[in-house]
Amino acid sequence: MTASRLPFPLTLTGGGVVLREWRSDDLDDLVVMLDDPDIARWTPMPSPFDVEAGIAYLKRAYQGRATGQRIQLAITADGSVPLGEVLLFGVDLGLKEAELGYLVGAPHRRRGLAASALSLLSAYAQSTLKLSRLLLRIDPGNLASTAVARRCGFRLTGEPAILQEGPYGPTSLDTWELVEGRAGTRMERLRNVAARRYGRRTQF
Ligand SMILES: CC(C)(COP(=O)(O)OP(=O)(O)OC[C@H]1O[C@@H](n2cnc3c(N)ncnc32)[C@H](O)[C@@H]1OP(=O)(O)O)[C@@H](O)C(=O)NCCC(=O)NCCS
């Protein structure tokens, strides 16, 4: 399938996570998650992130989904409480290219959630959406994010850094690209681990 509008609604399951659409009753959890210094430092989120920002965020997320422009899913363990977010945006069907992004709430970090969510969405983008060039843009100072990228099979492209002015001063974003075939391999490994751990089959 080649997407002219990205599929909506969408649920992806695999590697110990369930990626699902944002819902209006996620507002309180979303505000707690996004009002965080690391998210303010490394993403374009407003800070402080209050209820008003949360309402605007969920509205924009819904619009982006309903118009098929982006995929923006809550990371959950079982479809219930949101623990993070993973996105696919900037789709260029001609180049078969898109960018991905991710964040995880502070109490839920270092448990493999970002890596699982990124691998799951990357595998879906390659196998179902037929996107062959998947990109991340990461500030080299963001060690957590570069570790996630590396673990999921992304490599630096060597393209010139993208320079930006942010609230913390000038930043530069490196471009990372998923090495061919790595998303599927990683999902296979996650699937096997999940099957051993929980004794159930997962799908994506
Ligand atoms: C980046 C972020 C999403 C990582 O989420 P996470 O769920 O903790 O990441 P994972 O548990 O999947 O970790 C994946 C890998 O990164 C490593 N890692 C995670 N956080 C790290 C840190 N702070 N320092 C060094 N390595 C780190 C893990 O050890 C793991 O590596 P390994 O498999 O080699 O052991 C999270 O720190 C975050 O939300 N940060 C703020 C928002 C942000 O920076 N988003 C990305 C913008 S480009």
# chains A, B, ... in the order shown; residues from 1 in each chain; ligands from 1

call {"tool": "residues_near_ligand", "arguments": {"ligand": "ligand 1", "cutoff": "8 Å", "atoms": "only C-alpha atoms and all ligand atoms", "output": "ChimeraX atom specification"}}
result
/A:38-43,84,101-106,108-116,136-139,142-151

call {"tool": "residues_around", "arguments": {"residues": "Gly158 in chain A", "least_positions_apart": "4", "cutoff": "9 Å", "atoms": "only C-alpha atoms", "output": "short mmCIF file (atom, residue, chain, number, x, y, z; two decimals) with C-alpha atoms, in the first residue's frame"}}
result
data_model
loop_
_atom_site.label_atom_id
_atom_site.label_comp_id
_atom_site.auth_asym_id
_atom_site.auth_seq_id
_atom_site.Cartn_x
_atom_site.Cartn_y
_atom_site.Cartn_z
CA ASP A 174 21.93 15.65 12.79
CA THR A 175 20.07 13.45 10.31
CA TRP A 176 19.87 9.72 11.00
#

call {"tool": "residues_around", "arguments": {"residues": "Arg70 in chain A", "least_positions_apart": "3", "cutoff": "12 Å", "atoms": "only C-alpha atoms", "output": "ChimeraX atom specification"}}
result
/A:3-10,21,60-67,73,86-92,98-101,125

call {"tool": "write_last_selection", "arguments": {"atoms": "N, CA and C atoms", "output": "PDB file, in the first residue's frame"}}
result
ATOM      1  N   ALA A   3       0.600   5.184   0.720  1.00  0.00           N
ATOM      2  CA  ALA A   3      -0.377   6.051   1.380  1.00  0.00           C
ATOM      3  C   ALA A   3      -0.485   7.392   0.679  1.00  0.00           C
ATOM      4  N   SER A   4      -1.696   7.812   0.283  1.00  0.00           N
ATOM      5  CA  SER A   4      -1.895   9.194  -0.121  1.00  0.00           C
ATOM      6  C   SER A   4      -2.391   9.952   1.108  1.00  0.00           C
ATOM      7  N   ARG A   5      -3.219   9.296   1.910  1.00  0.00           N
ATOM      8  CA  ARG A   5      -3.574   9.783   3.244  1.00  0.00           C
ATOM      9  C   ARG A   5      -3.190   8.672   4.213  1.00  0.00           C
ATOM     10  N   LEU A   6      -2.586   9.053   5.293  1.00  0.00           N
ATOM     11  CA  LEU A   6      -2.120   8.019   6.216  1.00  0.00           C
ATOM     12  C   LEU A   6      -3.315   7.387   6.926  1.00  0.00           C
ATOM     13  N   PRO A   7      -3.251   6.084   7.218  1.00  0.00           N
ATOM     14  CA  PRO A   7      -4.387   5.374   7.805  1.00  0.00           C
ATOM     15  C   PRO A   7      -4.810   5.944   9.153  1.00  0.00           C
ATOM     16  N   PHE A   8      -6.113   6.020   9.367  1.00  0.00           N
ATOM     17  CA  PHE A   8      -6.682   6.526  10.615  1.00  0.00           C
ATOM     18  C   PHE A   8      -8.061   5.918  10.789  1.00  0.00           C
ATOM     19  N   PRO A   9      -8.411   5.366  11.940  1.00  0.00           N
ATOM     20  CA  PRO A   9      -7.569   5.206  13.124  1.00  0.00           C
ATOM     21  C   PRO A   9      -6.656   3.994  12.973  1.00  0.00           C
ATOM     22  N   LEU A  10      -5.666   3.925  13.879  1.00  0.00           N
ATOM     23  CA  LEU A  10      -4.629   2.907  13.761  1.00  0.00           C
ATOM     24  C   LEU A  10      -4.223   2.434  15.155  1.00  0.00           C
ATOM     25  N   GLU A  21      -4.340   5.608  19.095  1.00  0.00           N
ATOM     26  CA  GLU A  21      -4.681   7.012  18.901  1.00  0.00           C
ATOM     27  C   GLU A  21      -4.814   7.728  20.244  1.00  0.00           C
ATOM     28  N   ARG A  60      -4.678  19.496  17.730  1.00  0.00           N
ATOM     29  CA  ARG A  60      -3.800  19.469  16.561  1.00  0.00           C
ATOM     30  C   ARG A  60      -3.479  18.012  16.164  1.00  0.00           C
ATOM     31  N   ALA A  61      -3.309  17.179  17.184  1.00  0.00           N
ATOM     32  CA  ALA A  61      -3.036  15.759  16.910  1.00  0.00           C
ATOM     33  C   ALA A  61      -4.212  15.155  16.153  1.00  0.00           C
ATOM     34  N   TYR A  62      -5.419  15.444  16.612  1.00  0.00           N
ATOM     35  CA  TYR A  62      -6.603  14.881  15.958  1.00  0.00           C
ATOM     36  C   TYR A  62      -6.718  15.391  14.519  1.00  0.00           C
ATOM     37  N   GLN A  63      -6.473  16.689  14.331  1.00  0.00           N
ATOM     38  CA  GLN A  63      -6.558  17.259  12.974  1.00  0.00           C
ATOM     39  C   GLN A  63      -5.547  16.603  12.042  1.00  0.00           C
ATOM     40  N   GLY A  64      -4.321  16.436  12.543  1.00  0.00           N
ATOM     41  CA  GLY A  64      -3.264  15.807  11.740  1.00  0.00           C
ATOM     42  C   GLY A  64      -3.614  14.379  11.372  1.00  0.00           C
ATOM     43  N   ARG A  65      -4.294  13.680  12.288  1.00  0.00           N
ATOM     44  CA  ARG A  65      -4.701  12.301  12.033  1.00  0.00           C
ATOM     45  C   ARG A  65      -5.878  12.251  11.075  1.00  0.00           C
ATOM     46  N   ALA A  66      -6.898  13.084  11.353  1.00  0.00           N
ATOM     47  CA  ALA A  66      -8.116  13.038  10.540  1.00  0.00           C
ATOM     48  C   ALA A  66      -7.836  13.442   9.095  1.00  0.00           C
ATOM     49  N   THR A  67      -6.880  14.346   8.876  1.00  0.00           N
ATOM     50  CA  THR A  67      -6.555  14.764   7.506  1.00  0.00           C
ATOM     51  C   THR A  67      -5.498  13.853   6.879  1.00  0.00           C
ATOM     52  N   LEU A  73       0.805   8.657  17.669  1.00  0.00           N
ATOM     53  CA  LEU A  73       0.187   7.642  18.516  1.00  0.00           C
ATOM     54  C   LEU A  73       0.749   7.677  19.933  1.00  0.00           C
ATOM     55  N   VAL A  86       4.847   8.462  19.848  1.00  0.00           N
ATOM     56  CA  VAL A  86       5.699   8.245  18.680  1.00  0.00           C
ATOM     57  C   VAL A  86       4.977   8.808  17.458  1.00  0.00           C
ATOM     58  N   LEU A  87       5.751   9.440  16.564  1.00  0.00           N
ATOM     59  CA  LEU A  87       5.141  10.143  15.427  1.00  0.00           C
ATOM     60  C   LEU A  87       5.837   9.787  14.122  1.00  0.00           C
ATOM     61  N   LEU A  88       5.069   9.906  13.033  1.00  0.00           N
ATOM     62  CA  LEU A  88       5.617   9.848  11.677  1.00  0.00           C
ATOM     63  C   LEU A  88       5.023  11.035  10.935  1.00  0.00           C
ATOM     64  N   PHE A  89       5.875  11.860  10.334  1.00  0.00           N
ATOM     65  CA  PHE A  89       5.392  13.103   9.737  1.00  0.00           C
ATOM     66  C   PHE A  89       6.320  13.486   8.576  1.00  0.00           C
ATOM     67  N   GLY A  90       5.988  14.595   7.916  1.00  0.00           N
ATOM     68  CA  GLY A  90       6.823  15.060   6.807  1.00  0.00           C
ATOM     69  C   GLY A  90       6.930  14.024   5.703  1.00  0.00           C
ATOM     70  N   VAL A  91       5.812  13.345   5.415  1.00  0.00           N
ATOM     71  CA  VAL A  91       5.846  12.270   4.423  1.00  0.00           C
ATOM     72  C   VAL A  91       6.012  12.861   3.020  1.00  0.00           C
ATOM     73  N   ASP A  92       6.977  12.331   2.285  1.00  0.00           N
ATOM     74  CA  ASP A  92       7.173  12.696   0.883  1.00  0.00           C
ATOM     75  C   ASP A  92       7.012  11.414   0.062  1.00  0.00           C
ATOM     76  N   ALA A  98       9.988   9.766   5.125  1.00  0.00           N
ATOM     77  CA  ALA A  98       9.256  10.398   6.226  1.00  0.00           C
ATOM     78  C   ALA A  98      10.193  10.528   7.419  1.00  0.00           C
ATOM     79  N   GLU A  99       9.800  11.384   8.335  1.00  0.00           N
ATOM     80  CA  GLU A  99      10.578  11.589   9.563  1.00  0.00           C
ATOM     81  C   GLU A  99       9.802  10.984  10.730  1.00  0.00           C
ATOM     82  N   LEU A 100      10.522  10.534  11.728  1.00  0.00           N
ATOM     83  CA  LEU A 100       9.872  10.009  12.928  1.00  0.00           C
ATOM     84  C   LEU A 100      10.362  10.773  14.154  1.00  0.00           C
ATOM     85  N   GLY A 101       9.563  10.722  15.215  1.00  0.00           N
ATOM     86  CA  GLY A 101       9.951  11.353  16.472  1.00  0.00           C
ATOM     87  C   GLY A 101       9.356  10.567  17.633  1.00  0.00           C
ATOM     88  N   ALA A 125       5.879   1.475   8.733  1.00  0.00           N
ATOM     89  CA  ALA A 125       6.092   2.453   7.659  1.00  0.00           C
ATOM     90  C   ALA A 125       6.767   1.796   6.460  1.00  0.00           C
TER      91      ALA A 125
END

call {"tool": "select_by_dssp", "arguments": {"residues": "range 90-194 of chain A", "states": "alpha helix (DSSP H)", "output": "PyMOL selection string"}}
result
chain A and resi 113-127+143-151+182-194

call {"tool": "select_by_dssp", "arguments": {"residues": "range 15-192 of chain A", "states": "strand (DSSP E or B)", "output": "PyMOL selection string"}}
result
chain A and resi 17-21+71-76+84-92+97-104+133-138+154-156+162-166+169-178

call {"tool": "write_last_selection", "arguments": {"atoms": "C-alpha atoms", "output": "PDB file, in the first residue's frame"}}
result
ATOM      1  CA  VAL A  17       3.842  -2.011  23.473  1.00  0.00           C
ATOM      2  CA  VAL A  18       0.468  -0.986  22.070  1.00  0.00           C
ATOM      3  CA  LEU A  19       0.489   2.201  19.987  1.00  0.00           C
ATOM      4  CA  ARG A  20      -2.969   3.767  19.861  1.00  0.00           C
ATOM      5  CA  GLU A  21      -4.681   7.012  18.901  1.00  0.00           C
ATOM      6  CA  ILE A  71       0.722   9.385  12.386  1.00  0.00           C
ATOM      7  CA  GLN A  72       0.771  10.423  16.016  1.00  0.00           C
ATOM      8  CA  LEU A  73       0.187   7.642  18.516  1.00  0.00           C
ATOM      9  CA  ALA A  74       0.293   7.258  22.275  1.00  0.00           C
ATOM     10  CA  ILE A  75       2.748   4.608  23.503  1.00  0.00           C
ATOM     11  CA  THR A  76       0.999   2.340  26.009  1.00  0.00           C
ATOM     12  CA  GLY A  84       4.853   8.303  25.693  1.00  0.00           C
ATOM     13  CA  GLU A  85       4.323   9.258  22.075  1.00  0.00           C
ATOM     14  CA  VAL A  86       5.699   8.245  18.680  1.00  0.00           C
ATOM     15  CA  LEU A  87       5.141  10.143  15.427  1.00  0.00           C
ATOM     16  CA  LEU A  88       5.617   9.848  11.677  1.00  0.00           C
ATOM     17  CA  PHE A  89       5.392  13.103   9.737  1.00  0.00           C
ATOM     18  CA  GLY A  90       6.823  15.060   6.807  1.00  0.00           C
ATOM     19  CA  VAL A  91       5.846  12.270   4.423  1.00  0.00           C
ATOM     20  CA  ASP A  92       7.173  12.696   0.883  1.00  0.00           C
ATOM     21  CA  GLU A  97      10.545   9.369   2.786  1.00  0.00           C
ATOM     22  CA  ALA A  98       9.256  10.398   6.226  1.00  0.00           C
ATOM     23  CA  GLU A  99      10.578  11.589   9.563  1.00  0.00           C
ATOM     24  CA  LEU A 100       9.872  10.009  12.928  1.00  0.00           C
ATOM     25  CA  GLY A 101       9.951  11.353  16.472  1.00  0.00           C
ATOM     26  CA  TYR A 102       9.386  10.033  19.997  1.00  0.00           C
ATOM     27  CA  LEU A 103       9.203  10.918  23.664  1.00  0.00           C
ATOM     28  CA  VAL A 104       8.575   8.958  26.851  1.00  0.00           C
ATOM     29  CA  ARG A 133      13.746   6.311   3.695  1.00  0.00           C
ATOM     30  CA  LEU A 134      12.982   6.844   7.404  1.00  0.00           C
ATOM     31  CA  LEU A 135      14.738   9.729   9.114  1.00  0.00           C
ATOM     32  CA  LEU A 136      15.352  11.106  12.594  1.00  0.00           C
ATOM     33  CA  ARG A 137      16.709  14.600  13.354  1.00  0.00           C
ATOM     34  CA  ILE A 138      18.553  14.652  16.655  1.00  0.00           C
ATOM     35  CA  PHE A 154      19.491   4.124  12.487  1.00  0.00           C
ATOM     36  CA  ARG A 155      22.846   5.509  11.366  1.00  0.00           C
ATOM     37  CA  LEU A 156      24.123   9.064  10.846  1.00  0.00           C
ATOM     38  CA  ILE A 162      20.263  21.634  10.449  1.00  0.00           C
ATOM     39  CA  LEU A 163      20.872  24.802  12.450  1.00  0.00           C
ATOM     40  CA  GLN A 164      18.086  26.241  14.611  1.00  0.00           C
ATOM     41  CA  GLU A 165      17.591  28.965  17.200  1.00  0.00           C
ATOM     42  CA  GLY A 166      15.884  27.652  20.319  1.00  0.00           C
ATOM     43  CA  GLY A 169      20.426  29.009  22.265  1.00  0.00           C
ATOM     44  CA  PRO A 170      21.520  27.722  18.865  1.00  0.00           C
ATOM     45  CA  THR A 171      21.077  24.007  18.238  1.00  0.00           C
ATOM     46  CA  SER A 172      22.048  21.733  15.400  1.00  0.00           C
ATOM     47  CA  LEU A 173      20.167  18.636  14.357  1.00  0.00           C
ATOM     48  CA  ASP A 174      21.926  15.654  12.790  1.00  0.00           C
ATOM     49  CA  THR A 175      20.070  13.451  10.311  1.00  0.00           C
ATOM     50  CA  TRP A 176      19.866   9.716  11.003  1.00  0.00           C
ATOM     51  CA  GLU A 177      18.529   7.161   8.541  1.00  0.00           C
ATOM     52  CA  LEU A 178      17.229   3.648   9.147  1.00  0.00           C
TER      53      LEU A 178
END

call {"tool": "closest_residue", "arguments": {"among": "A:Ala183, A:Ala117, A:Leu93, A:Val31", "to": "Leu58 in chain A", "atoms": "only C-alpha atoms"}}
result
A:Val31

call {"tool": "atom_distance", "arguments": {"atom1": "CA of Leu129 in chain A", "atom2": "CA of Gly14 in chain A"}}
result
17.2 Å

call {"tool": "closest_residue", "arguments": {"among": "A:Gly153, A:Gly15, A:Gly68, A:Pro107", "to": "Pro82 in chain A", "atoms": "only C-alpha atoms"}}
result
A:Pro107

call {"tool": "atom_distance", "arguments": {"atom1": "CA of Leu30 in chain A", "atom2": "CA of Leu131 in chain A"}}
result
29.0 Å

call {"tool": "closest_atom_pairs", "arguments": {"of": "range 43-136 of chain A", "to": "range 33-37 of chain A", "cutoff": "7 Å", "atoms": "only C-alpha atoms", "output": "JSON lines"}}
result
{"residue": "A:Ser47", "atom": "CA", "partner": "A:Asp35", "partner_atom": "CA", "distance": 6.7}
{"residue": "A:Pro48", "atom": "CA", "partner": "A:Asp35", "partner_atom": "CA", "distance": 5.8}
{"residue": "A:Phe49", "atom": "CA", "partner": "A:Asp35", "partner_atom": "CA", "distance": 4.6}
{"residue": "A:Gly105", "atom": "CA", "partner": "A:Met33", "partner_atom": "CA", "distance": 4.9}

call {"tool": "closest_residue", "arguments": {"among": "A:Ser132, A:Ser122, A:Thr11, A:Thr157", "to": "Gly79 in chain A", "atoms": "only C-alpha atoms"}}
result
A:Thr11

call {"tool": "atom_distance", "arguments": {"atom1": "CA of Gln126 in chain A", "atom2": "CA of Gln69 in chain A"}}
result
16.9 Å
